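The file work-v9.tsv comes next; it holds TSV, C-alpha atoms.
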chain	number	residue	atom	x	y	z
A	19	MET	CA	0.00	0.00	0.00
A	20	LYS	CA	1.32	3.39	-0.96
A	21	LEU	CA	2.38	5.96	1.61
A	22	ARG	CA	-0.16	8.76	1.41
A	23	ILE	CA	1.12	12.30	1.78
A	24	LEU	CA	-0.86	15.51	2.28
A	25	LEU	CA	0.80	18.77	1.23
A	26	ALA	CA	-0.08	22.12	2.79
A	27	ASP	CA	1.52	25.24	1.32
A	28	ASP	CA	-0.15	28.43	0.15
A	29	HIS	CA	1.98	28.60	-3.00
A	30	GLU	CA	0.87	26.23	-5.73
A	31	ILE	CA	4.27	26.61	-7.30
A	32	VAL	CA	5.86	25.13	-4.17
A	33	ARG	CA	3.28	22.33	-4.07
A	34	ARG	CA	4.11	21.54	-7.72
A	35	GLY	CA	7.78	21.32	-6.83
A	36	LEU	CA	7.04	19.12	-3.80
A	37	CYS	CA	4.77	16.86	-5.86
A	38	SER	CA	7.39	16.53	-8.54
A	39	LEU	CA	10.00	15.61	-5.95
A	40	LEU	CA	7.93	13.17	-3.91
A	41	GLN	CA	6.08	11.41	-6.71
A	42	LYS	CA	9.37	10.17	-8.14
A	43	HIS	CA	9.48	7.87	-5.13
A	44	GLU	CA	7.73	4.65	-5.96
A	45	GLY	CA	5.34	3.72	-3.21
A	46	TRP	CA	4.39	7.28	-2.33
A	47	GLU	CA	1.39	9.23	-3.48
A	48	ILE	CA	0.13	12.74	-2.90
A	49	CYS	CA	-3.38	12.19	-1.57
A	50	GLY	CA	-4.25	15.89	-1.29
A	51	GLU	CA	-3.08	19.48	-1.44
A	52	ALA	CA	-4.17	22.30	0.83
A	53	ALA	CA	-3.53	26.01	0.35
A	54	ASP	CA	-3.95	27.05	3.97
A	55	GLY	CA	-4.04	25.64	7.48
A	56	ARG	CA	-7.81	25.35	7.75
A	57	GLU	CA	-8.05	23.41	4.52
A	58	ALA	CA	-5.16	21.22	5.69
A	59	ILE	CA	-7.00	20.34	8.90
A	60	GLU	CA	-10.23	19.55	7.05
A	61	MET	CA	-8.40	17.39	4.49
A	62	ALA	CA	-6.32	15.58	7.11
A	63	LYS	CA	-9.44	14.64	9.06
A	64	ARG	CA	-11.10	13.38	5.90
A	65	LEU	CA	-8.18	11.73	4.08
A	66	LYS	CA	-6.20	10.44	7.08
A	67	PRO	CA	-2.80	10.75	5.36
A	68	ASP	CA	0.25	8.87	6.59
A	69	VAL	CA	2.43	11.99	6.47
A	70	ILE	CA	1.49	15.67	6.41
A	71	ILE	CA	3.92	18.30	5.13
A	72	VAL	CA	3.00	21.74	6.45
A	73	ASP	CA	4.47	25.09	5.48
A	74	ILE	CA	4.86	27.38	8.48
A	75	GLY	CA	4.06	30.63	6.68
A	76	MET	CA	0.49	30.08	5.50
A	77	PRO	CA	-2.20	32.76	5.67
A	78	SER	CA	-5.36	32.47	7.73
A	79	LEU	CA	-3.94	29.67	9.91
A	80	ASN	CA	-0.18	29.30	10.04
A	81	GLY	CA	1.66	25.99	10.00
A	82	LEU	CA	2.51	25.94	13.69
A	83	GLU	CA	-1.09	26.42	14.73
A	84	THR	CA	-2.18	23.89	12.10
A	85	THR	CA	0.28	21.40	13.60
A	86	ARG	CA	-1.01	22.02	17.14
A	87	GLN	CA	-4.63	21.54	16.10
A	88	LEU	CA	-3.87	18.43	14.06
A	89	MET	CA	-2.00	16.85	16.96
A	90	GLN	CA	-4.83	17.73	19.32
A	91	TYR	CA	-7.24	16.02	16.96
A	92	ASP	CA	-5.09	12.92	16.49
A	93	PRO	CA	-1.69	12.52	18.20
A	94	GLN	CA	-0.86	9.77	15.69
A	95	PHE	CA	-0.52	12.25	12.82
A	96	LYS	CA	3.04	12.45	11.49
A	97	ILE	CA	3.87	16.02	10.54
A	98	ILE	CA	6.87	17.56	8.81
A	99	VAL	CA	7.13	21.32	9.16
A	100	LEU	CA	8.58	23.21	6.19
A	101	THR	CA	10.00	26.63	6.98
A	102	ILE	CA	12.16	29.38	5.56
A	103	THR	CA	13.71	30.07	8.97
A	104	ASP	CA	15.47	27.88	11.52
A	105	SER	CA	15.36	30.36	14.40
A	106	ASP	CA	15.45	28.88	17.91
A	107	GLN	CA	11.93	30.08	18.55
A	108	VAL	CA	10.48	28.46	15.44
A	109	ILE	CA	12.29	25.21	16.17
A	110	ARG	CA	11.00	25.16	19.76
A	111	GLU	CA	7.46	25.92	18.71
A	112	ALA	CA	7.50	23.26	16.02
A	113	LEU	CA	8.77	20.66	18.48
A	114	TYR	CA	6.34	21.75	21.17
A	115	ALA	CA	3.53	21.58	18.64
A	116	GLY	CA	4.37	17.95	17.94
A	117	ALA	CA	6.12	18.04	14.59
A	118	ARG	CA	8.28	14.99	13.93
A	119	GLY	CA	10.16	16.53	11.04
A	120	PHE	CA	11.63	19.96	10.45
A	121	VAL	CA	12.99	20.87	7.02
A	122	LEU	CA	14.19	24.19	5.67
A	123	LYS	CA	12.49	25.13	2.41
A	124	SER	CA	15.85	26.05	0.92
A	125	ASP	CA	16.97	22.44	1.57
A	126	ALA	CA	13.69	20.73	0.73
A	127	ALA	CA	14.98	19.35	-2.55
A	128	ARG	CA	17.82	17.70	-0.60
A	129	ASP	CA	16.17	16.76	2.70
A	130	LEU	CA	12.47	16.23	2.21
A	131	VAL	CA	12.68	12.71	0.80
A	132	SER	CA	14.89	11.68	3.73
A	133	ALA	CA	12.44	13.33	6.10
A	134	VAL	CA	9.48	11.41	4.69
A	135	GLU	CA	11.49	8.17	4.74
A	136	ALA	CA	12.35	8.79	8.38
A	137	LEU	CA	8.73	9.38	9.36
A	138	GLN	CA	7.70	6.35	7.32
A	139	SER	CA	10.08	4.31	9.50
A	140	LYS	CA	8.63	5.91	12.63
A	141	ARG	CA	11.76	8.00	13.16
A	142	MET	CA	12.09	11.77	13.39
A	143	PHE	CA	13.97	14.01	10.99
A	144	PHE	CA	15.43	17.42	11.68
A	145	THR	CA	17.91	19.61	9.90
A	146	PRO	CA	21.43	19.48	11.43
A	147	ARG	CA	20.91	22.75	13.32
A	148	VAL	CA	17.86	21.38	15.06
A	149	ASN	CA	19.78	18.25	16.01
A	150	ASP	CA	22.36	20.53	17.64
A	151	LEU	CA	19.65	22.23	19.64
A	152	VAL	CA	18.31	18.91	20.81
A	153	LEU	CA	21.76	17.73	21.84
A	154	ALA	CA	22.31	21.00	23.69
A	155	GLY	CA	19.58	19.97	26.09
A	156	PHE	CA	16.45	21.39	24.56
A	157	LEU	CA	14.61	18.15	25.33
A	158	ASP	CA	14.83	18.21	29.12
A	159	LYS	CA	16.35	15.09	30.69
A	160	GLY	CA	15.11	12.76	27.99
A	161	GLN	CA	11.45	13.51	28.60
A	162	VAL	CA	9.33	14.25	25.58
A	163	VAL	CA	8.34	17.87	25.58
A	164	PRO	CA	4.60	18.20	26.17
A	165	ARG	CA	2.75	18.71	22.91
A	166	ASN	CA	0.37	21.43	21.98
A	167	GLU	CA	1.95	24.03	24.18
A	168	ALA	CA	2.83	27.35	22.61
A	169	PRO	CA	5.67	28.57	24.82
A	170	GLN	CA	5.62	32.11	23.47
A	171	LEU	CA	1.81	32.46	23.77
A	172	PRO	CA	1.01	30.77	27.06
A	173	THR	CA	-2.04	32.86	27.91
A	174	LEU	CA	-3.87	32.76	24.57
A	175	THR	CA	-6.48	30.17	23.72
A	176	VAL	CA	-6.49	28.36	20.38
A	177	ARG	CA	-9.21	30.66	19.13
A	178	GLU	CA	-7.34	33.74	20.32
A	179	ARG	CA	-4.19	32.61	18.49
A	180	GLU	CA	-6.20	32.13	15.31
A	181	ILE	CA	-7.71	35.60	15.62
A	182	THR	CA	-4.31	37.14	16.39
A	183	GLN	CA	-3.01	35.87	13.06
A	184	LEU	CA	-6.01	37.05	11.09
A	185	LEU	CA	-5.96	40.52	12.63
A	186	ALA	CA	-2.21	40.80	12.08
A	187	GLU	CA	-2.79	39.89	8.42
A	188	GLY	CA	-4.96	42.98	8.13
A	189	LYS	CA	-8.45	41.52	8.36
A	190	SER	CA	-11.15	43.52	10.03
A	191	SER	CA	-13.19	42.09	12.90
A	192	LYS	CA	-16.08	41.62	10.50
A	193	GLU	CA	-13.90	39.69	8.03
A	194	VAL	CA	-12.54	37.53	10.84
A	195	ALA	CA	-16.08	36.86	12.01
A	196	VAL	CA	-17.14	35.68	8.55
A	197	LEU	CA	-14.09	33.47	8.18
A	198	LEU	CA	-14.50	31.82	11.58
A	199	ASN	CA	-18.29	31.73	11.51
A	200	LEU	CA	-18.57	33.89	14.59
A	201	SER	CA	-20.44	37.07	15.34
A	202	THR	CA	-18.55	40.33	14.99
A	203	LYS	CA	-19.25	41.00	18.63
A	204	THR	CA	-17.57	37.73	19.63
A	205	VAL	CA	-14.53	38.59	17.56
A	206	GLU	CA	-14.38	42.03	19.13
A	207	THR	CA	-14.49	40.41	22.57
A	208	HIS	CA	-11.65	38.06	21.64
A	209	ARG	CA	-9.71	41.00	20.23
A	210	SER	CA	-10.07	42.92	23.50
A	211	ASN	CA	-8.97	39.88	25.47
A	212	ILE	CA	-5.95	39.39	23.24
A	213	MET	CA	-4.86	43.00	23.54
A	214	ARG	CA	-5.29	42.88	27.31
A	215	LYS	CA	-3.48	39.57	27.81
A	216	LEU	CA	-0.55	40.62	25.65
A	217	SER	CA	-0.51	44.20	26.96
A	218	LEU	CA	-0.86	45.62	23.46
A	219	HIS	CA	-2.39	48.99	22.69
A	220	SER	CA	-2.87	49.08	18.93
A	221	ILE	CA	-3.14	46.90	15.86
A	222	ARG	CA	0.34	48.05	14.97
A	223	ASP	CA	1.56	46.55	18.26
A	224	LEU	CA	-0.30	43.37	17.40
A	225	VAL	CA	1.37	43.15	14.00
A	226	VAL	CA	4.80	43.65	15.54
A	227	TYR	CA	4.00	40.98	18.13
A	228	ALA	CA	2.80	38.59	15.43
A	229	ILE	CA	5.96	39.05	13.40
A	230	LYS	CA	8.24	38.63	16.43
A	231	ASN	CA	6.45	35.44	17.43
A	232	ASN	CA	6.33	33.91	13.95
A	233	ILE	CA	2.58	34.07	13.79
A	234	ILE	CA	2.98	35.84	10.46
A	235	GLN	CA	6.09	36.04	8.34
A	236	ILE	CA	7.43	38.84	6.22
A	237	GLN	CA	10.25	38.88	3.75
A	238	LEU	CA	12.54	41.74	2.87
A	239	PRO	CA	14.10	41.93	-0.62
A	240	GLY	CA	17.52	40.69	0.54
A	241	PRO	CA	21.05	42.06	0.21
A	242	ILE	CA	22.48	44.20	-2.53
A	243	GLN	CA	25.97	43.10	-3.53
A	244	TYR	CA	27.80	46.42	-3.28
A	245	GLY	CA	31.12	45.04	-4.48
A	246	ALA	CA	29.55	43.96	-7.73
A	247	GLN	CA	28.00	47.38	-8.23
A	248	LEU	CA	31.33	49.14	-7.90
A	249	THR	CA	32.89	47.10	-10.70
A	250	GLU	CA	30.29	48.25	-13.21
A	251	SER	CA	31.75	50.56	-15.81
A	252	GLY	CA	30.00	53.59	-17.20
A	253	ASP	CA	28.01	54.28	-14.02
B	8	MET	CA	8.01	30.80	-30.74
B	9	ALA	CA	11.00	29.16	-29.07
B	10	VAL	CA	11.84	30.85	-25.78
B	11	ARG	CA	14.97	30.22	-23.73
B	12	ILE	CA	14.36	30.71	-20.03
B	13	LEU	CA	16.66	31.14	-17.04
B	14	LEU	CA	15.07	30.36	-13.65
B	15	VAL	CA	16.32	32.28	-10.62
B	16	ASP	CA	15.14	31.51	-7.09
B	17	ASP	CA	17.04	30.62	-3.94
B	18	HIS	CA	14.75	27.65	-3.28
B	19	PRO	CA	15.40	24.63	-5.51
B	20	ILE	CA	11.89	23.39	-4.76
B	21	VAL	CA	10.43	26.59	-6.24
B	22	ARG	CA	12.63	26.26	-9.32
B	23	GLN	CA	11.35	22.69	-9.66
B	24	GLY	CA	7.78	23.96	-9.44
B	25	LEU	CA	8.48	26.58	-12.10
B	26	ARG	CA	9.98	23.93	-14.37
B	27	THR	CA	6.92	21.75	-13.92
B	28	LEU	CA	4.67	24.62	-14.94
B	29	LEU	CA	6.78	25.57	-17.94
B	30	GLN	CA	7.26	22.07	-19.32
B	31	GLY	CA	3.74	22.21	-20.75
B	32	ARG	CA	5.14	24.38	-23.56
B	33	GLY	CA	7.22	22.16	-25.79
B	34	ASP	CA	8.75	25.09	-27.63
B	35	TRP	CA	10.12	26.66	-24.46
B	36	GLU	CA	13.38	25.54	-22.92
B	37	VAL	CA	14.72	26.09	-19.43
B	38	VAL	CA	18.38	26.66	-20.25
B	39	GLY	CA	19.64	27.10	-16.71
B	40	GLU	CA	19.00	27.91	-13.08
B	41	ALA	CA	20.54	30.27	-10.54
B	42	SER	CA	20.08	30.50	-6.79
B	43	ASP	CA	20.87	34.17	-6.21
B	44	GLY	CA	21.12	37.48	-8.04
B	45	LEU	CA	24.84	37.36	-8.56
B	46	GLU	CA	24.70	33.90	-10.12
B	47	ALA	CA	21.81	35.10	-12.27
B	48	VAL	CA	23.89	37.94	-13.72
B	49	GLU	CA	26.71	35.51	-14.50
B	50	LYS	CA	24.40	32.99	-16.13
B	51	VAL	CA	22.73	35.61	-18.29
B	52	GLU	CA	26.20	36.35	-19.61
B	53	ASP	CA	26.91	32.66	-20.30
B	54	LEU	CA	23.54	31.40	-21.49
B	55	ARG	CA	21.95	34.43	-23.19
B	56	PRO	CA	18.36	33.51	-22.30
B	57	ASP	CA	15.37	35.29	-23.79
B	58	VAL	CA	13.54	35.52	-20.46
B	59	VAL	CA	14.82	35.56	-16.89
B	60	VAL	CA	12.25	34.42	-14.31
B	61	LEU	CA	13.48	36.13	-11.18
B	62	ASP	CA	12.64	36.06	-7.47
B	63	VAL	CA	13.05	39.22	-5.41
B	64	THR	CA	14.25	37.94	-2.04
B	65	MET	CA	17.54	36.12	-2.44
B	66	PRO	CA	20.89	35.97	-0.66
B	67	ARG	CA	24.09	37.63	-1.93
B	68	MET	CA	22.18	39.90	-4.33
B	69	ASN	CA	18.43	40.46	-4.42
B	70	GLY	CA	16.38	40.25	-7.59
B	71	LEU	CA	15.86	43.99	-7.96
B	72	GLU	CA	19.57	44.67	-8.01
B	73	ALA	CA	20.20	41.73	-10.31
B	74	CYS	CA	17.60	43.11	-12.72
B	75	ARG	CA	19.25	46.54	-12.71
B	76	MET	CA	22.63	44.97	-13.34
B	77	ILE	CA	21.32	42.83	-16.18
B	78	GLN	CA	19.80	45.93	-17.79
B	79	ARG	CA	23.06	47.85	-17.45
B	80	LYS	CA	25.19	45.02	-18.83
B	81	HIS	CA	22.88	44.32	-21.75
B	82	LYS	CA	21.63	47.71	-22.82
B	83	ASP	CA	20.95	46.44	-26.36
B	84	GLY	CA	19.14	43.17	-26.84
B	85	GLY	CA	19.33	41.66	-23.37
B	86	PRO	CA	16.79	39.29	-21.86
B	87	GLU	CA	13.41	40.34	-20.60
B	88	VAL	CA	12.95	39.97	-16.85
B	89	LEU	CA	9.82	38.53	-15.29
B	90	PHE	CA	9.58	38.73	-11.52
B	91	VAL	CA	7.84	35.84	-9.76
B	92	THR	CA	7.71	36.87	-6.14
B	93	GLN	CA	5.72	36.64	-2.97
B	94	HIS	CA	5.75	40.44	-2.60
B	95	ASP	CA	2.16	41.19	-3.48
B	96	SER	CA	2.44	44.97	-3.32
B	97	PRO	CA	2.05	47.78	-5.84
B	98	GLN	CA	5.14	49.49	-4.40
B	99	MET	CA	7.36	46.48	-4.99
B	100	MET	CA	5.91	45.99	-8.44
B	101	ARG	CA	6.64	49.61	-9.30
B	102	GLU	CA	10.19	49.19	-8.06
B	103	ALA	CA	10.56	46.07	-10.19
B	104	LEU	CA	9.32	47.81	-13.32
B	105	ASP	CA	11.57	50.77	-12.60
B	106	ALA	CA	14.48	48.31	-12.33
B	107	GLY	CA	13.76	47.29	-15.91
B	108	ALA	CA	11.49	44.27	-15.52
B	109	ARG	CA	8.84	43.62	-18.14
B	110	GLY	CA	6.67	41.38	-15.99
B	111	TYR	CA	5.62	40.89	-12.38
B	112	VAL	CA	3.50	38.07	-11.01
B	113	VAL	CA	2.85	36.92	-7.47
B	114	LYS	CA	3.99	33.44	-6.42
B	115	SER	CA	0.63	32.55	-4.95
B	116	ASN	CA	-0.88	32.98	-8.44
B	117	ALA	CA	2.08	31.71	-10.44
B	118	ALA	CA	0.22	28.59	-11.54
B	119	ARG	CA	-2.45	30.82	-13.07
B	120	ASP	CA	-0.27	33.60	-14.49
B	121	LEU	CA	3.17	32.21	-15.30
B	122	LEU	CA	2.60	30.88	-18.82
B	123	ALA	CA	0.76	33.99	-19.98
B	124	ALA	CA	3.40	36.17	-18.36
B	125	VAL	CA	6.31	34.40	-20.07
B	126	GLU	CA	4.42	34.53	-23.36
B	127	SER	CA	3.90	38.28	-23.03
B	128	VAL	CA	7.35	39.31	-21.84
B	129	SER	CA	9.02	37.12	-24.46
B	130	GLN	CA	7.20	39.28	-27.00
B	131	HIS	CA	8.39	42.40	-25.14
B	132	LYS	CA	4.94	43.12	-23.76
B	133	VAL	CA	4.35	44.14	-20.16
B	134	PHE	CA	2.55	41.64	-17.95
B	135	THR	CA	1.71	42.50	-14.35
B	136	ALA	CA	-0.70	40.78	-12.01
B	137	LEU	CA	-1.16	41.38	-8.30
B	138	THR	CA	-3.69	39.47	-6.23
B	139	ARG	CA	-6.03	42.43	-5.95
B	140	ASN	CA	-5.43	43.56	-9.52
B	141	PRO	CA	-5.32	40.58	-11.84
B	142	GLN	CA	-3.58	41.08	-15.16
B	143	VAL	CA	-3.19	44.66	-16.25
B	144	PRO	CA	-3.44	44.82	-20.04
B	145	ASN	CA	-0.43	46.17	-21.87

Let me see the file written as structure tokens.
Amino acid sequence: MKLRILLADDHEIVRRGLCSLLQKHEGWEICGEAADGREAIEMAKRLKPDVIIVDIGMPSLNGLETTRQLMQYDPQFKIIVLTITDSDQVIREALYAGARGFVLKSDAARDLVSAVEALQSKRMFFTPRVNDLVLAGFLDKGQVVPRNEAPQLPTLTVREREITQLLAEGKSSKEVAVLLNLSTKTVETHRSNIMRKLSLHSIRDLVVYAIKNNIIQIQLPGPIQYGAQLTESGD
Amino acid sequence: MAVRILLVDDHPIVRQGLRTLLQGRGDWEVVGEASDGLEAVEKVEDLRPDVVVLDVTMPRMNGLEACRMIQRKHKDGGPEVLFVTQHDSPQMMREALDAGARGYVVKSNAARDLLAAVESVSQHKVFTALTRNPQVPN
């Protein structure tokens, strides 16, 4: 029987690349593709994949929160988190959330097949940097870190974390209400609670908080190579 | 029309996805790949593609600077640049066009827009498409 893999990434172009990579492996099949965390959760419950590959930076419901909710639903799910950053905080949150694999997107072409093979054999797979963190004592005294804890957001409920992301993405309370099938008043109440719990005073503060805590991700254009510029003639 | 394409993105998995999308056109050929802006400039020199599909956010040299450099180095008859980026903003798109790009599409819609974008820019026509403003006619 083929190993069934569910992909969750908001960029179809990335999903195409992942499909192309994984489908070369005989015995594996892509049983579904999701473009955001909510769709991933719905599809995972319905399709019961053997392995779920989740991008961290998805809109509406990010990959870390998706991982937490999937593991709460069924602790037997095997999840590989795909991320553009290997910061300590992201690594901790992914491990706390219950991910069994952690792969950098930049290394996905190299590492993802090994990661899926590891999970298929009931082992874990992490990039070398994460292994270093584990060896440095991140996993306390050999005990498995409790799952579904969000160490950076200890006072927010699941619903509050969801709403934090949506508000930080620029959605109004009304838009959040429609998306989550809540009343606007309920969303406003959650929003007030969030601001109070996190001691925030404006949506700008919320956005900064969300970025710092990897609830949403932003990308800057990247470096300019000044040395190369200086060698240009005629400028 | 045969089109020679250079793919530039720091993520190999994205380049693989782009290849998969482009392989539907038998008369187009991906002649090479680069993983940052500096490598892109070098490969344009070596491979002389017709179109450079370029990401913005890359190490060593970002896509905007690479585009400017390509334009400077190939003032007459250089490749057309098509940005495929996750920056879904009018400001970034304006900056890309000012850098000399002919096209700008957002990664989240690349599956929908890429083929039409390559087709257009290869014919020296502008193609831009943001999420909130799907394709702007030339």

Find the distance between CA of Asp53 (chain B) and CA of Lys80 (chain B) and write it in Å to one decimal.
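Between these atoms lies a distance of 12.6 Å.
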
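Using only C-alpha atoms, the smallest distance between any of B:Gly107, B:Pro56, B:Gly70, B:Gly31 and chain A comes from B:Gly70.
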
Neighbourhood query: residues within 6 Å of (0.2, 37.5, -13.8), file coordinates, counting all atoms listed in the file; return as a PDB file with C-alpha atoms, in the coordinates of the input.
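Result file is out-v2.pdb:
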ATOM      1  CA  VAL B 112       3.500  38.070 -11.010  1.00  0.00           C
ATOM      2  CA  ASP B 120      -0.270  33.600 -14.490  1.00  0.00           C
ATOM      3  CA  ALA B 124       3.400  36.170 -18.360  1.00  0.00           C
ATOM      4  CA  THR B 135       1.710  42.500 -14.350  1.00  0.00           C
ATOM      5  CA  ALA B 136      -0.700  40.780 -12.010  1.00  0.00           C
ATOM      6  CA  GLN B 142      -3.580  41.080 -15.160  1.00  0.00           C
TER       7      GLN B 142
END

With a distance cut-off of 10 Å and only C-alpha atoms, select the neighbouring residues of Asp125 (chain A), excluding the residue or stretch itself and same-chain residues fewer than 4 positions from it, and output the selection as a list in words.
Leu100, Thr101, Ile102, Val121, Asp129, Leu130 and Thr145 of chain A; Asp17, His18, Pro19 and Ile20 of chain B

Could the residues of chain B within 9 Å of chain A, counting only C-alpha atoms, be given as an MDAnalysis selection string, please?
chainID B and resid 17:28 44:45 63:73 76 79:80 93:94 114:118

Rounded to one decimal in Å, what is the spacing between CA of Gly116 (chain A) and CA of Asp92 (chain A)?
10.8 Å

Can you work out which one of A:Asp223, A:Asp68, A:Glu193, A:Glu180 has the shortest atom-to-atom distance to Arg56 (chain A), counting only C-alpha atoms?
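Residue with the minimum atom-to-atom distance to Arg56 (chain A): A:Glu180.
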
To one decimal place, how far is CA of Ser127 (chain B) from CA of Val10 (chain B) in Å?
11.2 Å

Sphere at (-7.9, 20.3, 13.0), radius 7 Å, counting all atoms listed in the file: residues as a ChimeraX atom specification
/A:59-60,84,87-88,91

Which residue is closest to Thr173 (chain A)? Choose from A:Ser220, A:Ser139, A:Ser78, A:Asn211 and count all atoms listed in the file.
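Of A:Ser220, A:Ser139, A:Ser78, A:Asn211, the one nearest Thr173 (chain A) is A:Asn211, counting all atoms listed in the file.
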